Amino acid sequence: MDLSRLNPEQRDAVTAPRGPLLVLAGAGSGKTRVIIHRIGWLLAQGASADSILAVTFTNKAAAEMKGRLLRLAGPVAAQVWVSTFHALGAEVARHDLFRLGWPKRFAVADAGDQLALVRRLSRSLSVDGRALDARRVVAAISRAKNAGVVPEPSPEGQGDDYDVIAREVLPLYQRALRAQGAVDFDDLILLPLQLFNAYPQVLARWRRRFSTLLVDEFQDTNRPQFDFVRLLAGKRRDVCAVGDDDQCIYSWRGAEVRNILDFHRSFPGTQEVVLGRNYRSVAPVLAAAGAVISVIPNRRPKLLSAERPHGLPVQVVVLPSEEDEAAWVALGVEKRLGEGVAPEEVAVLYRTNGQSRPFEESFRARSLPFEVVGGSEFFQQRDVKDVVAYLKVLANPSDEVSLLRIVNVPARGIGDATMERLLQHAQSQGLTVQASLDVAGAVEGLAPGAAMRVHSFSQLVARMRERLRREPMGQVARSLLSEIGFAEETRAGAKDAGVAQARMRSVEGVLASLEAYQSREGPKADLISWLNRLSLDARQEEESPERGRVALMTLHAAKGLEFKVVFLVGLEEGFLPHSGMQGQPPNLDEERRLAYVGFTRARDELILTRAATRMRRGREVPRTPSRFLLDLPGVGVETLDLTAAAPTPPGPAQPTVFARLKEQFRSSGGAERGSA
DNA sequence: TGCAATATCATTTTT
DNA sequence: TGATATTGCA
């Protein structure tokens with residue numbers, strides 16, 4: 001193991017004796033590098049590769065870590081288990097969840113499934129006469145579940161209305177999930193915890209399996225995840241936790257910074273290493289980031305030293321409108337690419353997924369290669385959701401949420417009234433909804449015509465399920481779609497041919513992914529495992545990480561990554577800091593940390609942009625600059641205001657705006673500035 | 001019952 | 001602005 005390229009602190013962390021170890025690593029201080037090298041060092045010390053477990057939060061981080069590990073330590077590293085918390089939980093559940101009453105092959109409910117289920121369960125409930133916001137109920141349910149393994153009765157009147165409602169809905173929700181043989185994302189951690197607590201032999205087995213744990217981004221663990229780690233570590237307590245309290249950006253998901261700040265209290269005798277040298281960003285970028293984060297009270301003060309003292313100043317650019325912002329960024333990107341910067345070294349970061357649209361359009365207009373990372377937009381598309389729901393119904397007869405979604409898609413004369421009857425019947429007879437469909441003929445009060453249509457639908461499902469036993473699942477899926485006339489339906493429903501084509505392409509993407517999975521996994525591939533993969537890793541369509549493309553993504557998605565040039569856009573009040581949800585006060589400290597994470601992604605160049613006005617609900621609304629801009633230092637920051645010189649003419653966006661901007665971009669020097 | 005036209009209404013972040 | 005709930009008509 002070559003440790004010569006590590007600095008003394010990094011080397012301390014890498015070679016620390018086994019046992020509890022906390023690495024507090026400032027942004028860009030070589031955090032991942034330390035984890036990788038520590039694994040390499042452990043292997044060199046004779047640890048067996050398959051006894052090492054490295055846990056991360058995102059699949060992307062896991063894949064990245066695995067790749068770097070293989071490069072450092074060679075093929076033996078393939079045996080090291082690198083996984084996300086949720087994938088690990090799913091693995092534990094796969095073996096033993098039947099002990100808690102779930103079927104051997106359980107399904108994972110995704111956000112859409114949760115939403116649909118909660119909508120159904122809480123239809124009759126209301127707050128102040130207003131219908132419930134199902135998304136807030138889901139959020140509150142998740143909050144309640146993650147508050148602790150044992151739900152603690154909390155004093156009445158505490159928390160907002162939705163927390164109270166969640167307590168009411170939670171038992172129904174949980175029962176419904178179990179009845180459908182499904183778990184949600186939170187359960188992937190909570191249920192394994194329950195297993196560990198209730199079945200010592202299960203815990204013992206996993207403890208035997210892994211003797212060493214390494215956890216990245218520890219500041220983002222929530223209480224159940226922390227308990228999971230602690231239980232798994234057992235008496236050996238061989239846990240290496242790596243993280244940075246300044247980068248805690250998931251407190252809305254229950255992340256407890258205390259898990260990292262009080263680590264030594266849970267693991268007495270912890271050795272602590274602080275990594276404070278930043279090798280990533282040039283000094284002006286680091287100074288700006290430091291200025292934004294240092295305002296937060298009660299943080300553990302850190303000195304991040306800049307190891308790259310020289311560099312371009314941070315640029316702040318004000319544009320007249322959001323189109324102009326997008327056009328200007330596209331031009332800036334084009335310019336860098338022209339200078340030889342690789343596309344994958346450039347990123348456009350924003351606070352919310354919804355902000356990506358104008359940039360996608362301006363990039364397309366300039367023919368720039370880009371990729372919208374995450375976004376999950378693909379699986380939000382109606383047709384994609386429909387197709388996936390069909391497959392879920394085939395895979396899991398008790399999946400009522402999906403069944404209700406597709407029973408009348410495309411319209412086949414099974415309307416609300418019919419379904420209402422069938423649901424009632426199922427309820428009163430103690431049948432599953434699926435079963436009540438199968439016996440539609442015998443259901444009281446159902447029109448004969450309706451019963452016949454229902455019958456032919458359940459025949460269709462039964463037939464497809466039967467074929468699934470013998471034929472490749474991709475083939476069955478295709479003939480299912482052709483049988484229900486999906487293509488024709490889509491063509492007829494779309495406004496124009498282009499839209500229809502795009503929608504068909506999406507569906508084709510699902511089928512292609514299914515078939516790819518099948519040929520990769522061979523005979524053991526089945527629908528349920530494909531569907532679980534789908535929910536655990538929504539980005540699995542592309543096998544190879546997109547090279548040669550500019551990344552467009554949220555600040556959250558950018559955590560842990562770095563780029564030569566970063567455009568952080570929309571630095572306006574309401575976006576960054578974000579204006580919270582419906583009157584709920586935003587967590588300003590967290591928004592600040594989010595900005596900090598964004599700033600520190602940049603190695604050479606950081607460009608902050610904002611628009612003076614933005615189309616909001618169809619109206620043009622003036623925008624206030626982000627308060628974070630006020631905290632920027634006077635030195636090493638350069639402001640470029642393009643609003644006064646380029647007033648946006650009224651009416652629809654005009655090509656002249658763009659042309660004028662382009663001209664200005666050239667004459668103002670754009671990015672051609674001397675070093676600071 | 002189904003579907004089209006009309007009213008309403010919200011707007012984070014992710015596994 | 002664009003997506004979804006609701007109404008009203010066939």
# chains A, B, ... in the order shown; residues from 1 in each chain; ligands from 1
$ interface_residues --of "chain A" --to "chain C" --cutoff "8 Å" --atoms "only C-alpha atoms (C1' of nucleotides)" --output "list of chain:residue names"
A:Arg616, A:Arg617, A:Gly618
$ interface_residues --of "chain A" --to "chain B" --cutoff "8 Å" --atoms "only C-alpha atoms (C1' of nucleotides)" --output "PyMOL selection string"
chain A and resi 57-58+86+185+250+351-352+413+415+536+556+578+580-581
$ select_by_dssp --residues "segment 355-585 of chain A" --states "strand (DSSP E)" --output "PyMOL selection string"
chain A and resi 370-372+550-554+563-568
$ write_last_selection --atoms "N, CA, C and O atoms" --output "short mmCIF file (atom, residue, chain, number, x, y, z; two decimals), in the first residue's frame"
data_model
loop_
_atom_site.label_atom_id
_atom_site.label_comp_id
_atom_site.auth_asym_id
_atom_site.auth_seq_id
_atom_site.Cartn_x
_atom_site.Cartn_y
_atom_site.Cartn_z
N PHE A 370 -25.31 17.45 -22.73
CA PHE A 370 -25.60 17.57 -21.30
C PHE A 370 -26.40 16.37 -20.83
O PHE A 370 -26.95 15.60 -21.62
N GLU A 371 -26.45 16.23 -19.52
CA GLU A 371 -27.22 15.16 -18.92
C GLU A 371 -27.88 15.70 -17.66
O GLU A 371 -27.23 16.30 -16.82
N VAL A 372 -29.19 15.52 -17.56
CA VAL A 372 -29.87 15.89 -16.33
C VAL A 372 -29.74 14.71 -15.37
O VAL A 372 -30.28 13.64 -15.62
N VAL A 550 -22.08 17.64 -19.95
CA VAL A 550 -22.20 18.59 -18.85
C VAL A 550 -23.31 18.11 -17.93
O VAL A 550 -24.38 17.73 -18.40
N ALA A 551 -23.06 18.10 -16.64
CA ALA A 551 -24.07 17.62 -15.69
C ALA A 551 -24.97 18.75 -15.22
O ALA A 551 -24.50 19.82 -14.85
N LEU A 552 -26.26 18.51 -15.28
CA LEU A 552 -27.25 19.42 -14.70
C LEU A 552 -27.87 18.70 -13.51
O LEU A 552 -28.44 17.64 -13.69
N MET A 553 -27.73 19.26 -12.31
CA MET A 553 -28.31 18.55 -11.17
C MET A 553 -28.55 19.45 -9.97
O MET A 553 -28.12 20.60 -9.93
N THR A 554 -29.26 18.88 -9.00
CA THR A 554 -29.55 19.63 -7.78
C THR A 554 -28.31 19.65 -6.89
O THR A 554 -27.39 18.85 -7.05
N PHE A 563 -16.06 19.42 -9.74
CA PHE A 563 -15.97 19.82 -11.14
C PHE A 563 -14.96 20.95 -11.28
O PHE A 563 -14.72 21.70 -10.35
N LYS A 564 -14.42 21.05 -12.46
CA LYS A 564 -13.49 22.13 -12.72
C LYS A 564 -14.22 23.47 -12.73
O LYS A 564 -13.80 24.43 -12.12
N VAL A 565 -15.37 23.48 -13.39
CA VAL A 565 -16.16 24.71 -13.49
C VAL A 565 -17.58 24.44 -12.99
O VAL A 565 -18.23 23.50 -13.44
N VAL A 566 -18.03 25.27 -12.06
CA VAL A 566 -19.38 25.11 -11.54
C VAL A 566 -20.19 26.38 -11.76
O VAL A 566 -19.76 27.48 -11.39
N PHE A 567 -21.34 26.24 -12.39
CA PHE A 567 -22.32 27.32 -12.46
C PHE A 567 -23.39 27.03 -11.42
O PHE A 567 -24.11 26.03 -11.54
N LEU A 568 -23.46 27.87 -10.39
CA LEU A 568 -24.53 27.70 -9.41
C LEU A 568 -25.57 28.76 -9.72
O LEU A 568 -25.28 29.97 -9.62
#
$ atom_distance --atom1 "atom CA of Ile39 of chain A" --atom2 "atom CA of Ala241 of chain A"
12.9 Å
$ select_by_dssp --residues "segment 346-400 of chain A" --states "helix (DSSP H, G or I)" --output "number ranges by chain"
A: 353-365, 377-380, 382-395, 400
$ decode --residues "chain C" --atoms "C-alpha atoms (C1' of nucleotides)" --output "short mmCIF file (atom, residue, chain, number, x, y, z; two decimals), in the first residue's frame"
data_model
loop_
_atom_site.label_atom_id
_atom_site.label_comp_id
_atom_site.auth_asym_id
_atom_site.auth_seq_id
_atom_site.Cartn_x
_atom_site.Cartn_y
_atom_site.Cartn_z
"C1'" DT C 1 -47.55 28.16 -16.29
"C1'" DG C 2 -48.80 23.51 -16.32
"C1'" DA C 3 -50.79 19.68 -13.78
"C1'" DT C 4 -54.76 17.83 -11.49
"C1'" DA C 5 -59.77 18.02 -9.38
"C1'" DT C 6 -64.38 18.82 -10.65
"C1'" DT C 7 -68.13 19.67 -13.08
"C1'" DG C 8 -71.36 19.07 -16.91
"C1'" DC C 9 -72.76 16.88 -20.95
"C1'" DA C 10 -73.39 12.92 -24.18
#
